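> Input file: structure.txt. Contents: compact mmCIF, C-alpha atoms.
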```txt
# COMPACT_ATOMS: atom_id res chain seq x y z
CA MET P 1 -59.65 114.08 24.75
CA ASP P 2 -61.83 116.59 22.82
CA HIS P 3 -64.12 116.71 25.80
CA MET P 4 -61.21 117.46 28.08
CA ARG P 5 -59.90 120.16 25.82
CA ARG P 6 -63.31 121.78 25.54
CA ARG P 7 -63.61 121.83 29.31
CA THR P 8 -60.19 123.35 29.59
CA PHE P 9 -61.09 125.95 27.01
CA LEU P 10 -64.20 126.88 28.97
CA ALA P 11 -62.23 127.07 32.15
CA ARG P 12 -59.62 129.10 30.33
CA SER P 13 -62.24 131.52 29.16
CA ALA P 14 -63.39 132.04 32.70
CA ALA P 15 -59.89 132.23 34.06
CA GLY P 16 -58.56 134.24 31.17
CA VAL P 17 -59.67 137.61 32.46
CA THR P 18 -58.29 137.02 35.90
CA GLY P 19 -55.33 135.10 34.48
CA ALA P 20 -54.16 138.03 32.41
CA ALA P 21 -54.31 140.26 35.42
CA LEU P 22 -52.70 137.72 37.67
CA VAL P 23 -49.90 136.92 35.33
CA GLY P 24 -49.36 140.47 34.24
CA LEU P 25 -47.98 139.31 30.93
CA GLY P 26 -48.26 141.72 28.05
CA VAL P 27 -49.33 144.37 30.50
CA GLN P 28 -46.29 144.37 32.58
CA SER P 29 -43.04 143.25 31.11
CA ALA P 30 -39.40 143.99 31.63
CA VAL P 31 -40.10 144.74 35.26
CA SER P 32 -37.14 146.19 37.07
CA ASN P 33 -36.67 143.74 39.89
CA PRO P 34 -33.97 144.36 42.46
CA GLY P 35 -33.86 140.61 43.00
CA ARG P 36 -32.76 139.94 39.45
CA PRO P 37 -29.56 137.92 39.46
CA PRO P 38 -26.78 140.19 38.15
CA ASP P 39 -25.46 137.60 35.73
CA ILE P 40 -28.72 137.13 33.82
CA PRO P 41 -27.95 138.46 30.32
CA ASP P 42 -29.62 141.68 29.22
CA SER P 43 -31.22 139.79 26.34
CA VAL P 44 -33.36 137.93 28.85
CA GLU P 45 -36.53 139.80 29.67
CA GLU P 46 -37.82 139.52 33.18
CA ARG P 47 -41.53 139.44 33.88
CA VAL P 48 -43.39 138.86 37.10
CA LEU P 49 -46.04 136.29 37.87
CA LEU P 50 -48.73 137.36 40.32
CA GLN P 51 -47.07 140.69 40.95
CA GLY P 52 -48.13 142.39 44.12
CA THR P 53 -49.24 139.16 45.78
CA PRO P 54 -47.42 136.97 48.28
CA HIS P 55 -46.74 134.51 45.42
CA GLU P 56 -44.97 137.08 43.25
CA THR P 57 -42.16 135.39 41.35
CA SER P 58 -39.97 136.10 38.34
CA ILE P 59 -40.28 134.70 34.84
CA TYR P 60 -37.32 134.88 32.46
CA VAL P 61 -38.11 135.10 28.78
CA ARG P 62 -35.68 134.95 25.89
CA GLU P 63 -37.54 135.43 22.65
CA THR P 64 -36.00 135.18 19.23
CA GLY P 65 -39.11 136.51 17.57
CA SER P 66 -40.16 133.37 15.82
CA GLY P 67 -40.15 129.65 16.31
CA PRO P 68 -41.72 127.43 18.92
CA THR P 69 -41.50 128.06 22.65
CA VAL P 70 -40.13 125.89 25.42
CA VAL P 71 -41.39 126.42 28.96
CA VAL P 72 -39.17 125.29 31.84
CA ILE P 73 -40.55 125.30 35.37
CA GLY P 74 -38.75 124.72 38.64
CA GLY P 75 -39.66 125.04 42.27
CA LEU P 76 -43.17 123.63 42.32
CA HIS P 77 -41.91 121.95 45.49
CA GLY P 78 -39.97 124.31 47.73
CA ASP P 79 -37.63 121.74 49.27
CA GLU P 80 -36.34 120.39 45.95
CA VAL P 81 -33.31 122.61 45.65
CA ALA P 82 -31.83 121.08 42.51
CA GLY P 83 -35.12 121.66 40.69
CA PHE P 84 -35.32 125.40 41.14
CA ARG P 85 -31.59 126.05 41.02
CA THR P 86 -31.27 124.15 37.77
CA ALA P 87 -34.15 126.18 36.37
CA GLU P 88 -32.31 129.34 37.42
CA GLN P 89 -29.32 128.11 35.49
CA VAL P 90 -31.50 127.39 32.45
CA ALA P 91 -32.71 131.00 32.63
CA HIS P 92 -29.20 131.96 31.52
CA TRP P 93 -29.39 129.80 28.40
CA GLU P 94 -30.52 130.61 24.95
CA ILE P 95 -31.86 128.02 22.58
CA GLU P 96 -31.36 127.99 18.87
CA GLY P 97 -34.59 127.45 17.04
CA GLY P 98 -37.02 128.78 19.58
CA ASN P 99 -38.04 130.92 22.51
CA LEU P 100 -37.31 130.04 26.09
CA VAL P 101 -39.59 130.85 29.03
CA VAL P 102 -38.31 129.91 32.48
CA LEU P 103 -40.24 130.08 35.74
CA PRO P 104 -37.53 128.99 38.19
CA ARG P 105 -39.23 129.59 41.53
CA ALA P 106 -42.83 128.70 40.88
CA ASN P 107 -43.67 128.21 44.54
CA ARG P 108 -41.58 131.02 45.98
CA ILE P 109 -43.14 130.93 49.45
CA ALA P 110 -42.42 127.20 49.80
CA ILE P 111 -38.86 127.77 48.60
CA GLU P 112 -38.28 130.51 51.14
CA ARG P 113 -39.64 128.23 53.85
CA GLY P 114 -37.62 125.27 52.62
CA GLU P 115 -40.80 123.20 52.56
CA ARG P 116 -42.41 121.01 49.93
CA HIS P 117 -45.76 122.79 50.17
CA GLY P 118 -46.54 126.47 50.12
CA THR P 119 -49.64 128.09 51.51
CA ASP P 120 -52.18 125.91 49.71
CA GLY P 121 -50.91 122.36 49.93
CA ASP P 122 -48.99 120.51 47.26
CA LEU P 123 -48.81 122.84 44.26
CA ASN P 124 -48.11 119.97 41.89
CA ARG P 125 -51.44 118.39 42.77
CA GLN P 126 -53.44 121.44 41.71
CA PHE P 127 -53.50 120.81 37.96
CA PRO P 128 -56.43 118.46 37.30
CA PRO P 129 -56.55 117.59 33.60
CA GLY P 130 -59.58 119.01 31.87
CA GLU P 131 -60.43 121.32 34.74
CA GLU P 132 -59.41 124.67 36.08
CA PRO P 133 -56.35 124.48 38.37
CA GLY P 134 -57.10 124.42 42.06
CA THR P 135 -55.37 127.52 43.42
CA ALA P 136 -54.65 131.07 42.28
CA LEU P 137 -50.95 130.24 41.91
CA ALA P 138 -51.68 127.09 39.92
CA ARG P 139 -54.10 129.03 37.69
CA ALA P 140 -51.47 131.70 37.06
CA ILE P 141 -48.85 129.07 36.20
CA TRP P 142 -51.23 127.29 33.86
CA ALA P 143 -52.22 130.59 32.24
CA LEU P 144 -48.52 131.25 31.65
CA VAL P 145 -48.08 127.83 30.03
CA GLU P 146 -51.15 128.14 27.83
CA ARG P 147 -50.32 131.70 26.79
CA HIS P 148 -46.99 130.61 25.35
CA ASP P 149 -48.52 127.64 23.53
CA PRO P 150 -45.36 125.64 24.23
CA ALA P 151 -43.91 123.01 21.95
CA LEU P 152 -42.25 121.46 25.00
CA VAL P 153 -42.66 121.78 28.78
CA LEU P 154 -40.07 120.66 31.33
CA ASP P 155 -40.83 120.44 35.04
CA LEU P 156 -37.67 120.12 37.15
CA HIS P 157 -37.76 118.29 40.47
CA GLU P 158 -35.60 116.51 43.01
CA SER P 159 -36.22 113.42 45.13
CA GLN P 160 -34.49 112.25 48.29
CA GLY P 161 -34.34 108.66 47.06
CA ILE P 162 -33.97 106.58 43.92
CA TYR P 163 -36.82 105.12 41.89
CA ARG P 164 -37.23 101.35 42.33
CA LEU P 165 -34.54 101.32 45.02
CA HIS P 166 -36.21 103.42 47.71
CA ALA P 167 -39.88 102.53 47.91
CA GLY P 168 -42.20 105.39 47.02
CA LEU P 169 -39.45 107.75 45.84
CA VAL P 170 -38.82 108.80 42.26
CA GLY P 171 -35.28 110.14 41.90
CA GLN P 172 -33.22 109.49 38.74
CA VAL P 173 -36.23 109.31 36.45
CA LEU P 174 -37.53 111.08 33.37
CA PHE P 175 -41.31 110.89 33.08
CA PRO P 176 -42.43 111.73 29.53
CA THR P 177 -45.85 112.50 28.16
CA ALA P 178 -47.09 110.34 25.29
CA HIS P 179 -46.70 113.12 22.73
CA GLY P 180 -44.03 114.25 20.30
CA ASN P 181 -42.10 111.02 20.54
CA ALA P 182 -41.30 111.95 24.14
CA PRO P 183 -41.03 108.38 25.48
CA ALA P 184 -38.44 107.49 22.83
CA HIS P 185 -36.52 110.71 23.49
CA ALA P 186 -36.61 109.95 27.21
CA ASP P 187 -35.11 106.53 26.52
CA GLU P 188 -32.33 108.11 24.46
CA VAL P 189 -31.55 110.73 27.09
CA VAL P 190 -31.51 108.11 29.85
CA THR P 191 -28.96 106.11 27.85
CA THR P 192 -26.83 109.21 27.28
CA LEU P 193 -26.93 110.29 30.92
CA ASN P 194 -26.01 106.84 32.17
CA ARG P 195 -23.14 106.64 29.71
CA GLU P 196 -21.76 110.16 30.09
CA VAL P 197 -22.85 111.55 33.45
CA VAL P 198 -23.45 108.81 36.03
CA PRO P 199 -20.19 107.22 37.22
CA TRP P 200 -19.94 103.44 36.76
CA HIS P 201 -19.25 103.07 40.47
CA MET P 202 -22.69 104.54 41.32
CA PRO P 203 -24.81 101.91 39.58
CA PHE P 204 -28.01 102.55 41.52
CA HIS P 205 -27.91 106.15 40.28
CA ASP P 206 -28.51 105.18 36.66
CA TYR P 207 -31.41 107.17 35.27
CA LYS P 208 -34.58 105.35 34.20
CA ARG P 209 -37.51 106.24 32.04
CA GLY P 210 -40.65 106.40 34.14
CA ASN P 211 -44.19 105.61 33.10
CA VAL P 212 -45.76 107.66 30.34
CA LEU P 213 -47.91 110.53 31.65
CA ARG P 214 -51.36 110.59 30.05
CA GLY P 215 -53.39 112.96 32.18
CA THR P 216 -54.43 110.56 34.90
CA ALA P 217 -53.28 112.68 37.85
CA PRO P 218 -53.49 116.38 38.83
CA LEU P 219 -49.84 117.11 38.07
CA LEU P 220 -48.68 119.90 35.78
CA ILE P 221 -47.13 117.63 33.17
CA HIS P 222 -50.14 115.32 33.23
CA LYS P 223 -52.21 118.40 32.38
CA VAL P 224 -49.79 119.31 29.60
CA ALA P 225 -50.34 115.84 28.19
CA ALA P 226 -54.11 115.80 28.49
CA ASP P 227 -55.08 119.41 27.80
CA LEU P 228 -52.37 120.55 25.40
CA GLY P 229 -51.36 117.24 23.84
CA ARG P 230 -47.74 118.37 23.85
CA PRO P 231 -44.48 116.70 24.80
CA GLY P 232 -43.44 117.34 28.36
CA TYR P 233 -41.26 115.74 31.01
CA ILE P 234 -40.88 115.60 34.74
CA VAL P 235 -37.15 115.47 35.44
CA GLU P 236 -36.27 113.96 38.82
CA THR P 237 -32.73 113.83 40.19
CA THR P 238 -31.96 112.40 43.60
CA ASP P 239 -30.11 114.09 46.43
CA PHE P 240 -29.04 110.67 47.72
CA LEU P 241 -25.22 110.81 47.93
CA LEU P 242 -24.99 113.75 45.53
CA ASP P 243 -23.91 117.23 46.59
CA ILE P 244 -25.96 120.14 45.32
CA ASP P 245 -23.54 121.15 42.57
CA GLU P 246 -23.54 117.63 41.18
CA ARG P 247 -27.32 117.40 41.30
CA ILE P 248 -27.63 120.65 39.38
CA ARG P 249 -25.05 119.46 36.87
CA TRP P 250 -26.92 116.22 36.24
CA GLU P 251 -30.34 117.88 36.08
CA ALA P 252 -29.05 120.62 33.77
CA ARG P 253 -27.51 118.01 31.52
CA ALA P 254 -30.81 116.10 31.39
CA THR P 255 -32.57 119.36 30.51
CA ALA P 256 -30.07 120.19 27.78
CA GLU P 257 -30.29 116.69 26.31
CA LEU P 258 -34.09 116.82 26.21
CA LEU P 259 -34.03 120.23 24.52
CA THR P 260 -31.58 118.91 21.94
CA ARG P 261 -33.71 115.84 21.21
CA HIS P 262 -36.64 118.15 20.46
CA GLY P 263 -34.63 120.26 18.03
CA PHE P 264 -33.65 123.10 20.35
CA VAL P 265 -29.91 123.56 20.69
CA PRO P 266 -29.14 125.09 24.08
CA ARG P 267 -26.22 127.45 24.51
CA GLY P 268 -24.98 128.92 27.73
CA PRO P 269 -23.03 128.26 30.89
CA SER P 270 -22.42 124.65 31.90
CA ILE P 271 -23.60 123.10 28.65
CA PRO P 272 -20.95 120.65 27.46
CA ASP P 273 -19.83 120.72 23.84
CA GLU P 274 -21.11 117.19 23.23
CA VAL P 275 -24.67 118.41 23.81
CA ILE P 276 -24.30 121.32 21.41
CA ASN P 277 -22.65 119.16 18.76
CA ARG P 278 -24.97 116.20 19.12
CA MET H 1 0.58 90.26 95.68
CA THR H 2 0.20 86.50 95.70
CA PRO H 3 1.12 84.40 92.67
CA ALA H 4 -2.55 83.45 92.27
CA ARG H 5 -3.63 87.09 92.16
CA THR H 6 -0.80 87.89 89.79
CA ALA H 7 -1.95 85.13 87.45
CA GLY H 8 -5.53 86.37 87.64
CA THR H 9 -4.49 89.91 86.82
CA ASN H 10 -2.44 88.72 83.87
CA THR H 11 -5.39 86.71 82.56
CA SER H 12 -7.66 89.72 82.90
CA GLU H 13 -5.17 91.95 81.13
CA ALA H 14 -4.80 89.39 78.35
CA THR H 15 -8.56 89.20 77.88
CA LYS H 16 -8.78 92.97 77.74
CA GLY H 17 -6.01 93.03 75.18
CA ARG H 18 -7.68 90.39 73.03
CA LEU H 19 -11.00 92.20 73.25
CA LYS H 20 -9.40 95.48 72.24
CA ARG H 21 -7.70 93.75 69.35
CA VAL H 22 -10.99 92.20 68.19
CA LEU H 23 -13.11 95.33 68.56
CA ALA H 24 -10.65 98.10 67.79
CA GLY H 25 -7.62 96.53 66.17
CA TRP H 26 -5.88 98.32 63.35
CA ASP H 27 -7.45 95.93 60.83
CA VAL H 28 -10.93 96.81 62.14
CA LEU H 29 -10.15 100.48 61.75
CA VAL H 30 -8.81 99.96 58.23
CA PHE H 31 -11.95 98.13 57.10
CA PHE H 32 -14.16 100.73 58.75
CA ALA H 33 -12.25 103.59 57.15
CA LEU H 34 -12.49 101.93 53.73
CA LEU H 35 -16.24 101.42 54.05
CA VAL H 36 -17.20 104.81 55.42
CA GLY H 37 -14.41 107.25 54.53
CA PRO H 38 -14.53 107.36 50.71
CA LEU H 39 -18.33 107.49 50.70
CA ALA H 40 -18.51 110.27 53.29
CA VAL H 41 -15.92 112.30 51.41
CA GLY H 42 -17.73 111.71 48.12
CA ARG H 43 -21.02 112.79 49.66
CA LEU H 44 -19.49 116.08 50.69
CA ASP H 45 -17.86 116.70 47.32
CA ALA H 46 -18.94 114.70 44.28
CA ALA H 47 -15.54 115.25 42.67
CA LEU H 48 -14.12 113.01 45.40
CA MET H 49 -16.62 110.19 44.85
CA THR H 50 -14.21 107.54 43.57
CA PRO H 51 -14.48 103.79 42.96
CA LEU H 52 -13.03 103.37 46.45
CA ALA H 53 -16.48 104.36 47.70
CA LEU H 54 -18.17 101.44 45.94
CA PRO H 55 -18.29 99.03 48.94
CA GLY H 56 -19.79 101.67 51.20
CA TYR H 57 -22.06 102.83 48.38
CA LEU H 58 -23.49 99.35 47.95
CA LEU H 59 -23.90 98.89 51.70
CA LEU H 60 -25.68 102.21 52.24
CA SER H 61 -27.82 101.93 49.10
CA ILE H 62 -29.05 98.43 49.88
CA GLY H 63 -29.36 99.17 53.58
CA SER H 64 -31.43 102.29 52.98
CA ALA H 65 -33.60 100.40 50.48
CA VAL H 66 -34.34 97.72 53.09
CA GLY H 67 -34.82 100.37 55.76
CA ARG H 68 -37.20 102.27 53.53
CA LEU H 69 -39.34 99.14 53.22
CA ILE H 70 -39.47 98.71 56.99
CA VAL H 71 -39.88 102.36 58.07
CA PRO H 72 -40.85 104.38 55.01
CA GLN H 73 -41.50 107.51 57.04
CA TYR H 74 -37.82 108.07 57.80
CA ALA H 75 -35.81 110.49 55.68
CA ILE H 76 -33.18 108.71 53.62
CA TRP H 77 -30.27 110.59 55.22
CA LEU H 78 -31.13 109.03 58.58
CA TYR H 79 -29.85 105.70 57.24
CA TRP H 80 -26.32 107.03 57.65
CA PHE H 81 -26.57 106.12 61.33
CA PRO H 82 -27.33 102.41 60.88
CA PHE H 83 -24.87 102.43 57.98
CA ILE H 84 -22.07 103.59 60.27
CA VAL H 85 -22.98 101.07 62.97
CA GLY H 86 -23.36 98.31 60.37
CA SER H 87 -20.03 99.23 58.80
CA TYR H 88 -18.35 98.91 62.17
CA VAL H 89 -19.92 95.50 62.84
CA LEU H 90 -18.96 94.36 59.36
CA SER H 91 -15.43 95.63 59.90
CA VAL H 92 -15.13 93.60 63.09
CA VAL H 93 -16.35 90.48 61.29
CA LEU H 94 -14.08 91.02 58.28
CA ALA H 95 -11.08 91.67 60.50
CA ALA H 96 -11.81 88.56 62.56
CA THR H 97 -12.09 86.58 59.34
CA ILE H 98 -8.80 87.65 57.83
CA ARG H 99 -6.80 87.90 61.06
CA PRO H 100 -5.92 84.18 61.18
CA LEU H 101 -4.73 84.40 57.57
CA TRP H 102 -2.68 87.48 58.40
CA ASN H 103 -1.20 85.85 61.53
CA SER H 104 -0.40 82.58 59.76
CA GLY H 105 1.34 84.51 56.99
```
Could you write out this file's structure as structure tokens?

Amino acid sequence: MDHMRRRTFLARSAAGVTGAALVGLGVQSAVSNPGRPPDIPDSVEERVLLQGTPHETSIYVRETGSGPTVVVIGGLHGDEVAGFRTAEQVAHWEIEGGNLVVLPRANRIAIERGERHGTDGDLNRQFPPGEEPGTALARAIWALVERHDPALVLDLHESQGIYRLHAGLVGQVLFPTAHGNAPAHADEVVTTLNREVVPWHMPFHDYKRGNVLRGTAPLLIHKVAADLGRPGYIVETTDFLLDIDERIRWEARATAELLTRHGFVPRGPSIPDEVINR
Amino acid sequence: MTPARTAGTNTSEATKGRLKRVLAGWDVLVFFALLVGPLAVGRLDAALMTPLALPGYLLLSIGSAVGRLIVPQYAIWLYWFPFIVGSYVLSVVLAATIRPLWNSG
């Protein structure tokens, strides 16, 4: 692990100069973006990742000044609508006890094309643990994550099928890293979602806890596990028999429950009272 | 028309009637509607996904799981087509099974 972290640090040093310029954080903040959704509260600061490039995409930051930071990412895959639309909803939230950084449309080109991949293949296969990410966009995303030194990272996705029902598909699963008691929290959240969100007459849609992510694959949350040693989750909701509003509702609820389990109380639209009071 | 031809025509009409009853009788349509209707409505609007959709839900879920094993390259939504055909076949079988009970009652 130390070896991996040292390699990442070296890579970070090399990428740091370009990363700062690419991300534009600290240099360029509170950018006035005509694409900013009108209902994003004024207290949310908008920044831009890779401004001036084809990958330019907004970051929404709500800082309370102190406390740990949560990073929420959506849209690594452009055809997973519930992932990036849930992240957009999370951008409206505030969390008690910490700062919230949301990158809803990480792979904006892929989203606009309605495709899984963008211009450089599968973005969520560009984060090799212990090494520099494989593309400029992946490097900028990783620089954003590292810069905020997050206490928790959530990566929101969608799958067309259901894990262990449809071979090779991973919907209705929370994949935790091994850190910060994440596997146990994932188990708790799965139980809560199946009790309070998934209807009894949709038994195959029960959420499951997936395998623990330990840095064995070039996925963003694997890299969070291996290089940062922090809790993180991939949240996967299926579009099988669920309309888009329902998928967003379920994915947002999973997100809110995970935040709560890690000591961050989310407040904002669509968060049920039972989450806040839990 | 001769009596023989009249008898033949009547037999043919009766066969057609029986076939129509077996393949498109009201009981077939009821079973088909119960299997497909609630699930289709629930897919369009999750608020309308009720327990009535459970039979169709089980059929489509299991059918798509089997289909996925056989032809994994197909998108999951494509399994609606075999689901609809399978629901119709199942409706015919179910209707044929309960029809004698219904008629004897």
> What residues in chain P lie within 9 Å of chain H, counting only C-alpha atoms, written as a ChimeraX atom specification?
/P:160-161,164-168,199-204,240-246
> What is the CA of Ser66 (chain P) to CA of Thr86 (chain P) distance in Å?
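Between these atoms lies a distance of 25.4 Å.
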> Give the answer as one residue: which of H:Ser87, H:Asn10, H:Ser104, H:Thr15 has the shortest atom-to-atom distance to Leu35 (chain H), using all atoms listed in the file?
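Closest to Leu35 (chain H), using all atoms listed in the file: H:Ser87.
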> Report, in Å with one decimal, the straight-line distance from CA of Ser43 (chain P) to CA of Pro104 (chain P).
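These two atoms are separated by 17.2 Å.
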> Mind checking which residues fall within 8 Å of region 20-27 of chain H, counting all atoms listed in the file, ignoring those fewer than 5 positions away in the same chain, and posting them as a list of chain:residue names?
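So, after excluding close chain neighbours, the residues are H:Val92, H:Ala95, H:Ala96.
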> Is it possible to dump region 48-58 of chain H as a compact mmCIF listing (two decimals), in the first residue's frame, including just all heavy atoms?

```txt
# COMPACT_ATOMS: atom_id res chain seq x y z
N LEU H 48 -47.66 3.57 -10.54
CA LEU H 48 -48.73 2.63 -10.93
C LEU H 48 -48.24 1.19 -10.92
O LEU H 48 -48.94 0.30 -11.40
CB LEU H 48 -49.26 3.01 -12.31
CG LEU H 48 -49.83 4.43 -12.42
CD1 LEU H 48 -50.24 4.74 -13.85
CD2 LEU H 48 -51.02 4.62 -11.47
N MET H 49 -47.04 0.96 -10.41
CA MET H 49 -46.52 -0.41 -10.30
C MET H 49 -47.11 -1.03 -9.03
O MET H 49 -46.65 -0.78 -7.92
CB MET H 49 -45.00 -0.40 -10.24
CG MET H 49 -44.37 -1.78 -10.24
SD MET H 49 -44.50 -2.65 -11.81
CE MET H 49 -43.07 -2.03 -12.69
N THR H 50 -48.16 -1.81 -9.20
CA THR H 50 -48.90 -2.37 -8.07
C THR H 50 -48.64 -3.87 -7.95
O THR H 50 -48.05 -4.48 -8.86
CB THR H 50 -50.41 -2.14 -8.26
OG1 THR H 50 -50.81 -2.93 -9.40
CG2 THR H 50 -50.73 -0.67 -8.50
N PRO H 51 -49.09 -4.48 -6.87
CA PRO H 51 -48.96 -5.94 -6.76
C PRO H 51 -49.62 -6.70 -7.90
O PRO H 51 -49.26 -7.84 -8.16
CB PRO H 51 -49.63 -6.24 -5.41
CG PRO H 51 -49.46 -4.99 -4.62
CD PRO H 51 -49.58 -3.87 -5.61
N LEU H 52 -50.56 -6.08 -8.58
CA LEU H 52 -51.17 -6.74 -9.74
C LEU H 52 -50.13 -7.07 -10.81
O LEU H 52 -50.33 -7.96 -11.64
CB LEU H 52 -52.24 -5.83 -10.36
CG LEU H 52 -53.64 -5.86 -9.77
CD1 LEU H 52 -54.53 -4.86 -10.52
CD2 LEU H 52 -54.23 -7.26 -9.86
N ALA H 53 -49.03 -6.33 -10.79
CA ALA H 53 -47.99 -6.55 -11.81
C ALA H 53 -47.09 -7.73 -11.47
O ALA H 53 -46.24 -8.11 -12.30
CB ALA H 53 -47.13 -5.28 -11.95
N LEU H 54 -47.26 -8.31 -10.29
CA LEU H 54 -46.32 -9.34 -9.85
C LEU H 54 -46.20 -10.53 -10.81
O LEU H 54 -45.07 -10.95 -11.13
CB LEU H 54 -46.68 -9.82 -8.43
CG LEU H 54 -45.73 -10.82 -7.80
CD1 LEU H 54 -44.30 -10.29 -7.73
CD2 LEU H 54 -46.20 -11.22 -6.40
N PRO H 55 -47.32 -11.10 -11.32
CA PRO H 55 -47.15 -12.23 -12.24
C PRO H 55 -46.32 -11.87 -13.48
O PRO H 55 -45.39 -12.60 -13.85
CB PRO H 55 -48.59 -12.60 -12.62
CG PRO H 55 -49.41 -12.10 -11.47
CD PRO H 55 -48.74 -10.85 -11.01
N GLY H 56 -46.63 -10.74 -14.08
CA GLY H 56 -45.86 -10.31 -15.25
C GLY H 56 -44.43 -9.98 -14.88
O GLY H 56 -43.50 -10.25 -15.64
N TYR H 57 -44.26 -9.39 -13.70
CA TYR H 57 -42.91 -9.05 -13.21
C TYR H 57 -42.05 -10.30 -13.10
O TYR H 57 -40.90 -10.32 -13.55
CB TYR H 57 -43.05 -8.36 -11.85
CG TYR H 57 -41.76 -8.11 -11.12
CD1 TYR H 57 -41.03 -6.94 -11.34
CD2 TYR H 57 -41.25 -9.04 -10.21
CE1 TYR H 57 -39.84 -6.71 -10.68
CE2 TYR H 57 -40.06 -8.81 -9.54
CZ TYR H 57 -39.36 -7.65 -9.77
OH TYR H 57 -38.17 -7.43 -9.11
N LEU H 58 -42.62 -11.35 -12.51
CA LEU H 58 -41.85 -12.59 -12.35
C LEU H 58 -41.53 -13.19 -13.71
O LEU H 58 -40.40 -13.64 -13.96
CB LEU H 58 -42.64 -13.59 -11.49
CG LEU H 58 -42.86 -13.17 -10.03
CD1 LEU H 58 -43.80 -14.15 -9.33
CD2 LEU H 58 -41.54 -13.06 -9.28
```
